>>> print(open('entry_27.cif').read())   # mmCIF, C-alpha atoms
data_query
#
loop_
_atom_site.label_atom_id
_atom_site.label_comp_id
_atom_site.auth_asym_id
_atom_site.auth_seq_id
_atom_site.Cartn_x
_atom_site.Cartn_y
_atom_site.Cartn_z
CA MET A 132 19.51 11.71 -4.55
CA ARG A 133 19.17 10.27 -8.04
CA GLU A 134 16.40 11.94 -10.06
CA TYR A 135 14.76 10.99 -13.35
CA GLY A 136 12.11 13.10 -15.06
CA ILE A 137 10.72 16.22 -13.39
CA ASN A 138 10.14 15.77 -9.66
CA ILE A 139 8.51 17.95 -7.02
CA ILE A 140 9.47 17.66 -3.35
CA GLY A 141 7.59 19.63 -0.69
CA GLU A 142 9.13 21.74 2.04
CA GLY A 143 10.75 20.14 5.07
CA ALA A 144 11.60 16.82 3.45
CA GLN A 145 14.31 14.64 4.97
CA VAL A 146 16.07 12.47 2.41
CA PHE A 147 18.58 9.82 3.49
CA GLU A 148 20.77 8.71 0.61
CA PRO A 149 20.57 6.78 -1.57
CA VAL A 150 17.04 7.66 -2.76
CA THR A 151 15.74 7.51 -6.35
CA LEU A 152 12.82 9.64 -7.56
CA GLY A 153 10.98 9.55 -10.89
CA PHE A 154 12.41 6.23 -12.05
CA PRO A 155 11.08 5.67 -15.59
CA SER A 156 8.26 3.27 -16.32
CA ARG A 157 8.63 1.13 -19.47
CA GLU A 158 7.09 3.79 -21.72
CA ASN A 159 9.52 6.42 -20.40
CA LEU A 160 12.75 4.45 -20.73
CA GLY A 161 15.31 6.57 -22.54
CA LYS A 162 13.17 9.71 -22.35
CA THR A 163 13.68 12.99 -20.48
CA GLY A 164 11.26 15.66 -19.35
CA TYR A 165 8.46 13.28 -18.34
CA THR A 166 6.50 13.66 -15.09
CA GLY A 167 8.47 12.22 -12.20
CA SER A 168 7.42 11.89 -8.56
CA THR A 169 5.48 14.45 -6.53
CA ILE A 170 6.15 14.29 -2.78
CA GLY A 171 4.25 16.45 -0.27
CA HIS A 172 5.58 18.51 2.62
CA HIS A 173 7.59 17.08 5.53
CA ALA A 174 8.30 13.68 4.01
CA VAL A 175 10.90 11.28 5.40
CA LEU A 176 12.50 9.19 2.65
CA ARG A 177 14.83 6.58 4.12
CA SER A 178 17.81 5.08 2.33
CA GLY A 179 17.04 2.69 -0.49
CA THR A 180 13.64 4.22 -1.31
CA ILE A 181 12.79 4.07 -5.03
CA ILE A 182 9.73 5.96 -6.27
CA TYR A 183 8.76 5.68 -9.93
CA CYS A 184 7.36 8.35 -12.26
CA ASP A 185 3.71 9.46 -12.12
CA VAL A 186 3.51 8.87 -8.37
CA ILE A 187 1.78 11.48 -6.21
CA ILE A 188 2.26 11.33 -2.44
CA GLY A 189 0.68 13.60 0.19
CA ASP A 190 2.12 15.40 3.20
CA HIS A 191 3.92 13.80 6.18
CA PHE A 192 4.76 10.63 4.25
CA GLN A 193 7.36 8.18 5.58
CA SER A 194 9.14 5.36 3.79
CA GLY A 195 11.18 2.62 5.39
CA HIS A 196 14.49 1.41 3.98
CA ASN A 197 14.43 -0.19 0.52
CA THR A 198 10.81 0.70 -0.19
CA LEU A 199 9.63 0.47 -3.81
CA ILE A 200 6.61 2.37 -5.18
CA ARG A 201 5.83 1.80 -8.85
CA GLU A 202 4.25 4.19 -11.36
CA LYS A 203 0.76 5.75 -11.29
CA THR A 204 0.31 5.23 -7.56
CA ARG A 205 -1.50 7.78 -5.38
CA VAL A 206 -0.79 7.98 -1.65
CA GLY A 207 -2.63 10.22 0.83
CA ASP A 208 -1.40 12.23 3.81
CA ARG A 209 0.31 10.84 6.93
CA THR A 210 0.90 7.43 5.41
CA ALA A 211 3.87 5.21 6.28
CA ILE A 212 5.26 2.51 3.99
CA GLY A 213 7.50 0.04 5.84
CA THR A 214 10.92 -1.36 5.08
CA ALA A 215 11.19 -3.60 1.98
CA THR A 216 7.53 -3.08 1.10
CA VAL A 217 6.69 -3.25 -2.62
CA ILE A 218 3.77 -1.39 -4.22
CA ASP A 219 3.47 -2.48 -7.83
CA GLY A 220 1.77 0.55 -9.36
CA ASN A 221 -1.66 1.78 -10.43
CA THR A 222 -2.68 1.68 -6.79
CA ARG A 223 -4.67 4.07 -4.57
CA ILE A 224 -3.72 4.38 -0.90
CA GLY A 225 -5.62 6.70 1.46
CA ASN A 226 -4.73 8.89 4.43
CA ASP A 227 -3.29 7.65 7.74
CA VAL A 228 -2.38 4.23 6.34
CA SER A 229 0.33 2.04 7.89
CA LEU A 230 1.91 -0.67 5.76
CA GLN A 231 4.43 -2.58 7.85
CA SER A 232 7.67 -4.18 6.66
CA MET A 233 7.77 -6.53 3.66
CA VAL A 234 4.15 -6.04 2.58
CA TYR A 235 3.37 -6.73 -1.09
CA ILE A 236 0.68 -4.62 -2.81
CA PRO A 237 -0.08 -5.59 -6.44
CA THR A 238 -1.21 -3.47 -9.37
CA ASN A 239 -4.85 -2.27 -9.31
CA THR A 240 -5.32 -2.34 -5.53
CA ILE A 241 -7.40 0.20 -3.60
CA ILE A 242 -6.67 0.90 0.08
CA GLY A 243 -8.89 3.28 2.05
CA ASP A 244 -8.10 5.61 4.96
CA ARG A 245 -6.79 4.44 8.37
CA VAL A 246 -5.89 0.96 7.14
CA PHE A 247 -3.25 -1.15 8.90
CA ILE A 248 -1.49 -3.99 7.08
CA GLY A 249 0.90 -6.12 9.14
CA PRO A 250 4.36 -7.40 8.18
CA ASN A 251 4.75 -9.95 5.39
CA ALA A 252 1.10 -9.64 4.32
CA VAL A 253 0.61 -10.43 0.62
CA LEU A 254 -2.17 -9.06 -1.56
CA THR A 255 -2.63 -10.70 -4.97
CA ASN A 256 -4.28 -9.65 -8.23
CA ASP A 257 -4.32 -12.66 -10.61
CA ARG A 258 -6.60 -15.53 -9.57
CA TYR A 259 -5.39 -17.93 -12.30
CA PRO A 260 -1.88 -16.78 -13.17
CA PRO A 261 -0.70 -15.89 -15.66
CA SER A 262 -4.17 -14.92 -16.93
CA GLY A 263 -3.32 -11.24 -17.38
CA CYS A 264 -6.66 -10.28 -15.79
CA LEU A 265 -5.34 -8.19 -12.91
CA LYS A 266 -7.82 -7.18 -10.21
CA GLY A 267 -6.32 -6.22 -6.87
CA PRO A 268 -8.14 -6.35 -3.55
CA ILE A 269 -10.10 -3.47 -2.03
CA ILE A 270 -9.28 -2.73 1.60
CA LYS A 271 -11.87 -0.33 2.99
CA THR A 272 -11.50 2.41 5.59
CA GLY A 273 -10.49 1.34 9.08
CA ALA A 274 -9.72 -2.27 8.16
CA ALA A 275 -6.71 -4.14 9.58
CA VAL A 276 -4.82 -7.09 8.10
CA GLY A 277 -2.58 -9.20 10.34
CA ALA A 278 0.96 -10.40 9.70
CA ASN A 279 1.51 -13.07 7.03
CA ALA A 280 -2.09 -12.89 5.78
CA THR A 281 -2.82 -13.48 2.09
CA ILE A 282 -5.67 -11.68 0.31
CA LEU A 283 -6.81 -13.13 -3.02
CA PRO A 284 -7.56 -11.06 -6.15
CA GLY A 285 -10.67 -8.89 -6.17
CA VAL A 286 -11.51 -9.64 -2.53
CA CYS A 287 -13.05 -6.74 -0.58
CA ILE A 288 -12.11 -6.33 3.07
CA GLY A 289 -15.00 -4.32 4.53
CA GLU A 290 -14.95 -1.15 6.55
CA GLY A 291 -13.57 -1.75 10.05
CA ALA A 292 -13.04 -5.46 9.33
CA LEU A 293 -10.10 -7.47 10.64
CA VAL A 294 -8.08 -10.25 9.01
CA ALA A 295 -6.29 -12.46 11.53
CA ALA A 296 -2.57 -13.14 11.17
CA GLY A 297 -1.76 -15.97 8.79
CA SER A 298 -5.25 -16.11 7.29
CA ILE A 299 -5.86 -16.77 3.59
CA VAL A 300 -8.85 -14.73 2.47
CA THR A 301 -10.65 -16.13 -0.58
CA ARG A 302 -13.93 -14.18 -0.38
CA ASP A 303 -15.23 -10.79 0.72
CA VAL A 304 -15.16 -9.90 4.40
CA PRO A 305 -18.24 -7.87 5.46
CA ASP A 306 -17.92 -4.59 7.35
CA HIS A 307 -17.03 -4.89 11.06
CA THR A 308 -16.42 -8.64 10.99
CA MET A 309 -13.31 -10.81 11.31
CA ALA A 310 -11.75 -13.31 8.89
CA VAL A 311 -9.80 -16.17 10.51
CA GLY A 312 -8.04 -19.26 9.17
CA ASN A 313 -7.17 -21.04 5.92
CA PRO A 314 -9.40 -20.64 4.06
CA ALA A 315 -10.65 -17.78 6.20
CA ARG A 316 -14.04 -18.06 7.86
CA ILE A 317 -16.09 -15.01 8.80
CA LYS A 318 -16.72 -14.42 12.51
CA GLU A 319 -18.07 -11.65 14.67
CA LEU A 320 -15.51 -9.23 16.07
CA PRO A 321 -14.49 -10.16 19.63
CA ASP A 322 -16.15 -8.07 22.34
CA GLU A 323 -12.85 -6.53 23.49
CA ILE A 324 -12.19 -5.23 19.97
CA ARG A 325 -15.71 -3.82 19.62
CA LYS A 326 -15.39 -2.06 22.98
CA SER A 327 -11.96 -0.62 22.16
CA ARG A 328 -13.25 0.83 18.89
CA LYS A 329 -16.11 2.63 20.62
CA LYS A 330 -13.72 4.60 22.84
#
>>> encode(input="entry_27.cif", output="structure tokens")
Amino acid sequence: MREYGINIIGEGAQVFEPVTLGFPSRENLGKTGYTGSTIGHHAVLRSGTIIYCDVIIGDHFQSGHNTLIREKTRVGDRTAIGTATVIDGNTRIGNDVSLQSMVYIPTNTIIGDRVFIGPNAVLTNDRYPPSGCLKGPIIKTGAAVGANATILPGVCIGEGALVAAGSIVTRDVPDHTMAVGNPARIKELPDEIRKSRKK
């Protein structure tokens, strides 16, 4: 394991080389003794994982291969970050979250508890690039985003809402509704989904 800065790893961690912890952000390049990564108990860090400095991750975390988590990110307990997923820093991710393979999460994104984001989904944070005004999406508790969906900057995906695979979401999705299409239209959740969530 390659370590930069001062890192803390909880008990019971499984680390599959090569893994890098505490990689320096721009302001820490060339420095020593800065705050590295903090990883909770019973983590599984698969080969190729790179976690920057000032990242705090809870217990029972799992990373896929070649996962990248940039600085000043906070991740809750029992969260899994899939293979080749990129989290670009200054992001909050809750408990029991599942980010599948090749998801992109930009700076200044907030993800609540029990969120599922499918493979190749892309969240964005700059509506008129390169404006420099970076506002990531908000994905609220219990929401799910399908594979290959795109969420535009500042969009809020409501509690328990669903985004269908391949959809491009340009506006907020209310709680317990579904966004479908390009551009996505808001629909009621299908009956079978409503029933399954009541169980």
>>> resolve_selection(input="entry_27.cif", expression="the PyMOL selection byres ((chain A and resi 143-150) around 8)", output="compact mmCIF listing (two decimals) with C-alpha atoms, keeping the file's coordinate frame")
# COMPACT_ATOMS: atom_id res chain seq x y z
CA MET A 132 19.51 11.71 -4.55
CA ARG A 133 19.17 10.27 -8.04
CA ILE A 140 9.47 17.66 -3.35
CA GLY A 141 7.59 19.63 -0.69
CA GLU A 142 9.13 21.74 2.04
CA THR A 151 15.74 7.51 -6.35
CA LEU A 152 12.82 9.64 -7.56
CA HIS A 172 5.58 18.51 2.62
CA HIS A 173 7.59 17.08 5.53
CA ALA A 174 8.30 13.68 4.01
CA VAL A 175 10.90 11.28 5.40
CA LEU A 176 12.50 9.19 2.65
CA ARG A 177 14.83 6.58 4.12
CA SER A 178 17.81 5.08 2.33
CA GLY A 179 17.04 2.69 -0.49
CA THR A 180 13.64 4.22 -1.31
CA ILE A 181 12.79 4.07 -5.03
>>> atom_distance(input="entry_27.cif", atom1="atom CA of Ala295 of chain A", atom2="atom CA of Pro268 of chain A")
16.4 Å
>>> residues_near_point(input="entry_27.cif", point="(-5.9, -16.5, -4.7)", cutoff="7 Å", atoms="only C-alpha atoms", output="PyMOL selection string")
chain A and resi 255+258+282-284+301
>>> write_last_selection(input="entry_27.cif", atoms="C-alpha atoms", output="CSV table (one decimal), keeping the file's coordinate frame")
chain,number,residue,atom,x,y,z
A,255,THR,CA,-2.6,-10.7,-5.0
A,258,ARG,CA,-6.6,-15.5,-9.6
A,282,ILE,CA,-5.7,-11.7,0.3
A,283,LEU,CA,-6.8,-13.1,-3.0
A,284,PRO,CA,-7.6,-11.1,-6.2
A,301,THR,CA,-10.6,-16.1,-0.6
>>> resolve_selection(input="entry_27.cif", expression="the PyMOL selection byres ((chain A and resi 236) around 7)", output="list in words")
Val217, Ile218, Asp219, Val234, Tyr235, Pro237, Thr238, Thr240, Val253 and Leu254 of chain A
>>> resolve_selection(input="entry_27.cif", expression="the PyMOL selection byres ((chain A and resi 183) around 6)", output="list of chain:residue names")
A:Gly153, A:Phe154, A:Ile182, A:Cys184, A:Arg201, A:Glu202
>>> residues_near_point(input="entry_27.cif", point="(-1.8, -10.9, 9.8)", cutoff="6 Å", atoms="all atoms listed in the file", output="ChimeraX atom specification")
/A:249,276-280,295-297
>>> closest_residue(input="entry_27.cif", among="A:Asp185, A:Glu319, A:Glu290, A:Asp257", to="Asn159 of chain A", atoms="only C-alpha atoms")
A:Asp185
>>> residues_around(input="entry_27.cif", residues="Ile241 of chain A", least_positions_apart="3", cutoff="9 Å", atoms="all atoms listed in the file", output="list in words")
Thr222, Arg223, Ile224, Gly225, Gly267, Pro268, Ile269, Ile270 and Lys271 of chain A
>>> atom_distance(input="entry_27.cif", atom1="atom CA of Gly273 of chain A", atom2="atom CA of Glu323 of chain A")
16.6 Å
>>> atom_distance(input="entry_27.cif", atom1="atom CA of Thr281 of chain A", atom2="atom CA of Pro250 of chain A")
11.2 Å
>>> closest_residue(input="entry_27.cif", among="A:Lys203, A:Lys318, A:Lys266, A:Arg157", to="Pro305 of chain A", atoms="all atoms listed in the file")
A:Lys318
>>> closest_residue(input="entry_27.cif", among="A:Thr308, A:Asn239, A:Thr214, A:Asn256", to="Asn197 of chain A", atoms="only C-alpha atoms")
A:Thr214
>>> residues_around(input="entry_27.cif", residues="segment 206-211 of chain A", least_positions_apart="6", cutoff="8 Å", atoms="only C-alpha atoms", output="list in words")
Ile187, Ile188, Gly189, Asp190, His191, Phe192, Gln193, Ser194, Gly195, Arg223, Ile224, Gly225, Asn226, Asp227, Val228, Ser229, Leu230 and Gln231 of chain A
>>> write_last_selection(input="entry_27.cif", atoms="C-alpha atoms", output="compact mmCIF listing (two decimals), in the frame of the given file")
# COMPACT_ATOMS: atom_id res chain seq x y z
CA ILE A 187 1.78 11.48 -6.21
CA ILE A 188 2.26 11.33 -2.44
CA GLY A 189 0.68 13.60 0.19
CA ASP A 190 2.12 15.40 3.20
CA HIS A 191 3.92 13.80 6.18
CA PHE A 192 4.76 10.63 4.25
CA GLN A 193 7.36 8.18 5.58
CA SER A 194 9.14 5.36 3.79
CA GLY A 195 11.18 2.62 5.39
CA ARG A 223 -4.67 4.07 -4.57
CA ILE A 224 -3.72 4.38 -0.90
CA GLY A 225 -5.62 6.70 1.46
CA ASN A 226 -4.73 8.89 4.43
CA ASP A 227 -3.29 7.65 7.74
CA VAL A 228 -2.38 4.23 6.34
CA SER A 229 0.33 2.04 7.89
CA LEU A 230 1.91 -0.67 5.76
CA GLN A 231 4.43 -2.58 7.85
>>> decode(input="entry_27.cif", residues="segment 245-261 of chain A", atoms="all heavy atoms", output="PDB file, in the first residue's frame")
ATOM      1  N   ARG A 245     -29.196   5.069   1.348  1.00  0.00           N
ATOM      2  CA  ARG A 245     -29.907   4.022   0.591  1.00  0.00           C
ATOM      3  C   ARG A 245     -30.175   4.420  -0.859  1.00  0.00           C
ATOM      4  O   ARG A 245     -31.226   4.126  -1.427  1.00  0.00           O
ATOM      5  CB  ARG A 245     -31.206   3.636   1.297  1.00  0.00           C
ATOM      6  CG  ARG A 245     -31.003   3.149   2.720  1.00  0.00           C
ATOM      7  CD  ARG A 245     -32.284   2.622   3.342  1.00  0.00           C
ATOM      8  NE  ARG A 245     -33.385   3.572   3.272  1.00  0.00           N
ATOM      9  CZ  ARG A 245     -33.530   4.617   4.079  1.00  0.00           C
ATOM     10  NH1 ARG A 245     -32.627   4.846   5.040  1.00  0.00           N
ATOM     11  NH2 ARG A 245     -34.563   5.423   3.966  1.00  0.00           N
ATOM     12  N   VAL A 246     -29.215   5.080  -1.461  1.00  0.00           N
ATOM     13  CA  VAL A 246     -29.312   5.471  -2.865  1.00  0.00           C
ATOM     14  C   VAL A 246     -28.619   4.420  -3.723  1.00  0.00           C
ATOM     15  O   VAL A 246     -27.560   3.901  -3.366  1.00  0.00           O
ATOM     16  CB  VAL A 246     -28.673   6.859  -3.091  1.00  0.00           C
ATOM     17  CG1 VAL A 246     -28.489   7.158  -4.571  1.00  0.00           C
ATOM     18  CG2 VAL A 246     -29.517   7.937  -2.425  1.00  0.00           C
ATOM     19  N   PHE A 247     -29.215   4.124  -4.876  1.00  0.00           N
ATOM     20  CA  PHE A 247     -28.621   3.225  -5.869  1.00  0.00           C
ATOM     21  C   PHE A 247     -28.384   4.023  -7.142  1.00  0.00           C
ATOM     22  O   PHE A 247     -29.291   4.697  -7.636  1.00  0.00           O
ATOM     23  CB  PHE A 247     -29.551   2.051  -6.163  1.00  0.00           C
ATOM     24  CG  PHE A 247     -29.058   1.166  -7.277  1.00  0.00           C
ATOM     25  CD1 PHE A 247     -28.245   0.080  -6.995  1.00  0.00           C
ATOM     26  CD2 PHE A 247     -29.411   1.414  -8.592  1.00  0.00           C
ATOM     27  CE1 PHE A 247     -27.778  -0.740  -8.023  1.00  0.00           C
ATOM     28  CE2 PHE A 247     -28.953   0.603  -9.628  1.00  0.00           C
ATOM     29  CZ  PHE A 247     -28.135  -0.472  -9.339  1.00  0.00           C
ATOM     30  N   ILE A 248     -27.166   3.945  -7.677  1.00  0.00           N
ATOM     31  CA  ILE A 248     -26.859   4.576  -8.959  1.00  0.00           C
ATOM     32  C   ILE A 248     -26.252   3.521  -9.873  1.00  0.00           C
ATOM     33  O   ILE A 248     -25.228   2.915  -9.559  1.00  0.00           O
ATOM     34  CB  ILE A 248     -25.923   5.786  -8.791  1.00  0.00           C
ATOM     35  CG1 ILE A 248     -26.590   6.843  -7.884  1.00  0.00           C
ATOM     36  CG2 ILE A 248     -25.576   6.386 -10.148  1.00  0.00           C
ATOM     37  CD1 ILE A 248     -25.778   8.102  -7.688  1.00  0.00           C
ATOM     38  N   GLY A 249     -26.914   3.293 -11.014  1.00  0.00           N
ATOM     39  CA  GLY A 249     -26.542   2.217 -11.922  1.00  0.00           C
ATOM     40  C   GLY A 249     -25.291   2.509 -12.741  1.00  0.00           C
ATOM     41  O   GLY A 249     -24.791   3.647 -12.776  1.00  0.00           O
ATOM     42  N   PRO A 250     -24.777   1.498 -13.435  1.00  0.00           N
ATOM     43  CA  PRO A 250     -23.523   1.627 -14.166  1.00  0.00           C
ATOM     44  C   PRO A 250     -23.579   2.676 -15.260  1.00  0.00           C
ATOM     45  O   PRO A 250     -24.607   2.878 -15.913  1.00  0.00           O
ATOM     46  CB  PRO A 250     -23.299   0.230 -14.756  1.00  0.00           C
ATOM     47  CG  PRO A 250     -24.621  -0.452 -14.684  1.00  0.00           C
ATOM     48  CD  PRO A 250     -25.357   0.141 -13.539  1.00  0.00           C
ATOM     49  N   ASN A 251     -22.452   3.365 -15.417  1.00  0.00           N
ATOM     50  CA  ASN A 251     -22.270   4.394 -16.450  1.00  0.00           C
ATOM     51  C   ASN A 251     -23.140   5.626 -16.264  1.00  0.00           C
ATOM     52  O   ASN A 251     -23.219   6.466 -17.176  1.00  0.00           O
ATOM     53  CB  ASN A 251     -22.495   3.820 -17.854  1.00  0.00           C
ATOM     54  CG  ASN A 251     -21.355   2.933 -18.292  1.00  0.00           C
ATOM     55  OD1 ASN A 251     -20.212   3.362 -18.357  1.00  0.00           O
ATOM     56  ND2 ASN A 251     -21.676   1.683 -18.584  1.00  0.00           N
ATOM     57  N   ALA A 252     -23.803   5.776 -15.132  1.00  0.00           N
ATOM     58  CA  ALA A 252     -24.555   7.007 -14.875  1.00  0.00           C
ATOM     59  C   ALA A 252     -23.576   8.165 -14.700  1.00  0.00           C
ATOM     60  O   ALA A 252     -22.489   7.999 -14.142  1.00  0.00           O
ATOM     61  CB  ALA A 252     -25.430   6.863 -13.638  1.00  0.00           C
ATOM     62  N   VAL A 253     -23.974   9.345 -15.190  1.00  0.00           N
ATOM     63  CA  VAL A 253     -23.113  10.527 -15.132  1.00  0.00           C
ATOM     64  C   VAL A 253     -23.873  11.668 -14.470  1.00  0.00           C
ATOM     65  O   VAL A 253     -24.947  12.063 -14.936  1.00  0.00           O
ATOM     66  CB  VAL A 253     -22.655  10.958 -16.539  1.00  0.00           C
ATOM     67  CG1 VAL A 253     -21.877  12.270 -16.473  1.00  0.00           C
ATOM     68  CG2 VAL A 253     -21.807   9.874 -17.180  1.00  0.00           C
ATOM     69  N   LEU A 254     -23.326  12.169 -13.374  1.00  0.00           N
ATOM     70  CA  LEU A 254     -23.851  13.375 -12.741  1.00  0.00           C
ATOM     71  C   LEU A 254     -22.951  14.531 -13.161  1.00  0.00           C
ATOM     72  O   LEU A 254     -21.739  14.346 -13.317  1.00  0.00           O
ATOM     73  CB  LEU A 254     -23.866  13.225 -11.221  1.00  0.00           C
ATOM     74  CG  LEU A 254     -25.018  12.400 -10.613  1.00  0.00           C
ATOM     75  CD1 LEU A 254     -25.046  10.977 -11.099  1.00  0.00           C
ATOM     76  CD2 LEU A 254     -24.937  12.440  -9.094  1.00  0.00           C
ATOM     77  N   THR A 255     -23.524  15.725 -13.358  1.00  0.00           N
ATOM     78  CA  THR A 255     -22.735  16.859 -13.830  1.00  0.00           C
ATOM     79  C   THR A 255     -22.914  18.044 -12.898  1.00  0.00           C
ATOM     80  O   THR A 255     -23.876  18.100 -12.123  1.00  0.00           O
ATOM     81  CB  THR A 255     -23.144  17.249 -15.268  1.00  0.00           C
ATOM     82  OG1 THR A 255     -24.521  17.648 -15.275  1.00  0.00           O
ATOM     83  CG2 THR A 255     -22.957  16.089 -16.228  1.00  0.00           C
ATOM     84  N   ASN A 256     -21.981  19.012 -12.967  1.00  0.00           N
ATOM     85  CA  ASN A 256     -22.046  20.129 -12.025  1.00  0.00           C
ATOM     86  C   ASN A 256     -21.788  21.503 -12.656  1.00  0.00           C
ATOM     87  O   ASN A 256     -21.647  22.491 -11.945  1.00  0.00           O
ATOM     88  CB  ASN A 256     -21.070  19.909 -10.863  1.00  0.00           C
ATOM     89  CG  ASN A 256     -19.623  19.943 -11.282  1.00  0.00           C
ATOM     90  OD1 ASN A 256     -19.300  20.037 -12.465  1.00  0.00           O
ATOM     91  ND2 ASN A 256     -18.734  19.852 -10.306  1.00  0.00           N
ATOM     92  N   ASP A 257     -21.733  21.589 -13.970  1.00  0.00           N
ATOM     93  CA  ASP A 257     -21.470  22.872 -14.633  1.00  0.00           C
ATOM     94  C   ASP A 257     -22.427  22.992 -15.825  1.00  0.00           C
ATOM     95  O   ASP A 257     -22.218  22.367 -16.862  1.00  0.00           O
ATOM     96  CB  ASP A 257     -20.016  22.933 -15.086  1.00  0.00           C
ATOM     97  CG  ASP A 257     -19.590  24.337 -15.501  1.00  0.00           C
ATOM     98  OD1 ASP A 257     -20.478  25.198 -15.680  1.00  0.00           O
ATOM     99  OD2 ASP A 257     -18.372  24.564 -15.660  1.00  0.00           O
ATOM    100  N   ARG A 258     -23.475  23.787 -15.657  1.00  0.00           N
ATOM    101  CA  ARG A 258     -24.527  23.849 -16.684  1.00  0.00           C
ATOM    102  C   ARG A 258     -24.044  24.477 -17.989  1.00  0.00           C
ATOM    103  O   ARG A 258     -24.477  24.102 -19.072  1.00  0.00           O
ATOM    104  CB  ARG A 258     -25.729  24.626 -16.143  1.00  0.00           C
ATOM    105  CG  ARG A 258     -26.956  24.554 -17.037  1.00  0.00           C
ATOM    106  CD  ARG A 258     -28.183  25.096 -16.356  1.00  0.00           C
ATOM    107  NE  ARG A 258     -28.690  24.228 -15.323  1.00  0.00           N
ATOM    108  CZ  ARG A 258     -29.578  23.248 -15.543  1.00  0.00           C
ATOM    109  NH1 ARG A 258     -30.020  23.015 -16.748  1.00  0.00           N
ATOM    110  NH2 ARG A 258     -30.000  22.513 -14.532  1.00  0.00           N
ATOM    111  N   TYR A 259     -23.134  25.453 -17.897  1.00  0.00           N
ATOM    112  CA  TYR A 259     -22.613  26.122 -19.097  1.00  0.00           C
ATOM    113  C   TYR A 259     -21.092  26.111 -19.058  1.00  0.00           C
ATOM    114  O   TYR A 259     -20.468  27.145 -18.853  1.00  0.00           O
ATOM    115  CB  TYR A 259     -23.153  27.556 -19.173  1.00  0.00           C
ATOM    116  CG  TYR A 259     -24.655  27.625 -19.147  1.00  0.00           C
ATOM    117  CD1 TYR A 259     -25.320  28.070 -18.004  1.00  0.00           C
ATOM    118  CD2 TYR A 259     -25.412  27.226 -20.243  1.00  0.00           C
ATOM    119  CE1 TYR A 259     -26.709  28.125 -17.965  1.00  0.00           C
ATOM    120  CE2 TYR A 259     -26.802  27.272 -20.206  1.00  0.00           C
ATOM    121  CZ  TYR A 259     -27.438  27.725 -19.069  1.00  0.00           C
ATOM    122  OH  TYR A 259     -28.816  27.768 -19.028  1.00  0.00           O
ATOM    123  N   PRO A 260     -20.485  24.933 -19.245  1.00  0.00           N
ATOM    124  CA  PRO A 260     -19.039  24.834 -19.080  1.00  0.00           C
ATOM    125  C   PRO A 260     -18.295  25.656 -20.130  1.00  0.00           C
ATOM    126  O   PRO A 260     -18.785  25.820 -21.252  1.00  0.00           O
ATOM    127  CB  PRO A 260     -18.777  23.342 -19.245  1.00  0.00           C
ATOM    128  CG  PRO A 260     -19.941  22.800 -19.995  1.00  0.00           C
ATOM    129  CD  PRO A 260     -21.103  23.673 -19.640  1.00  0.00           C
ATOM    130  N   PRO A 261     -17.106  26.172 -19.756  1.00  0.00           N
ATOM    131  CA  PRO A 261     -16.531  26.108 -18.402  1.00  0.00           C
ATOM    132  C   PRO A 261     -16.845  27.379 -17.611  1.00  0.00           C
ATOM    133  O   PRO A 261     -16.037  28.305 -17.551  1.00  0.00           O
ATOM    134  CB  PRO A 261     -15.038  26.005 -18.665  1.00  0.00           C
ATOM    135  CG  PRO A 261     -14.849  26.800 -19.956  1.00  0.00           C
ATOM    136  CD  PRO A 261     -16.144  26.690 -20.733  1.00  0.00           C
TER     137      PRO A 261
END
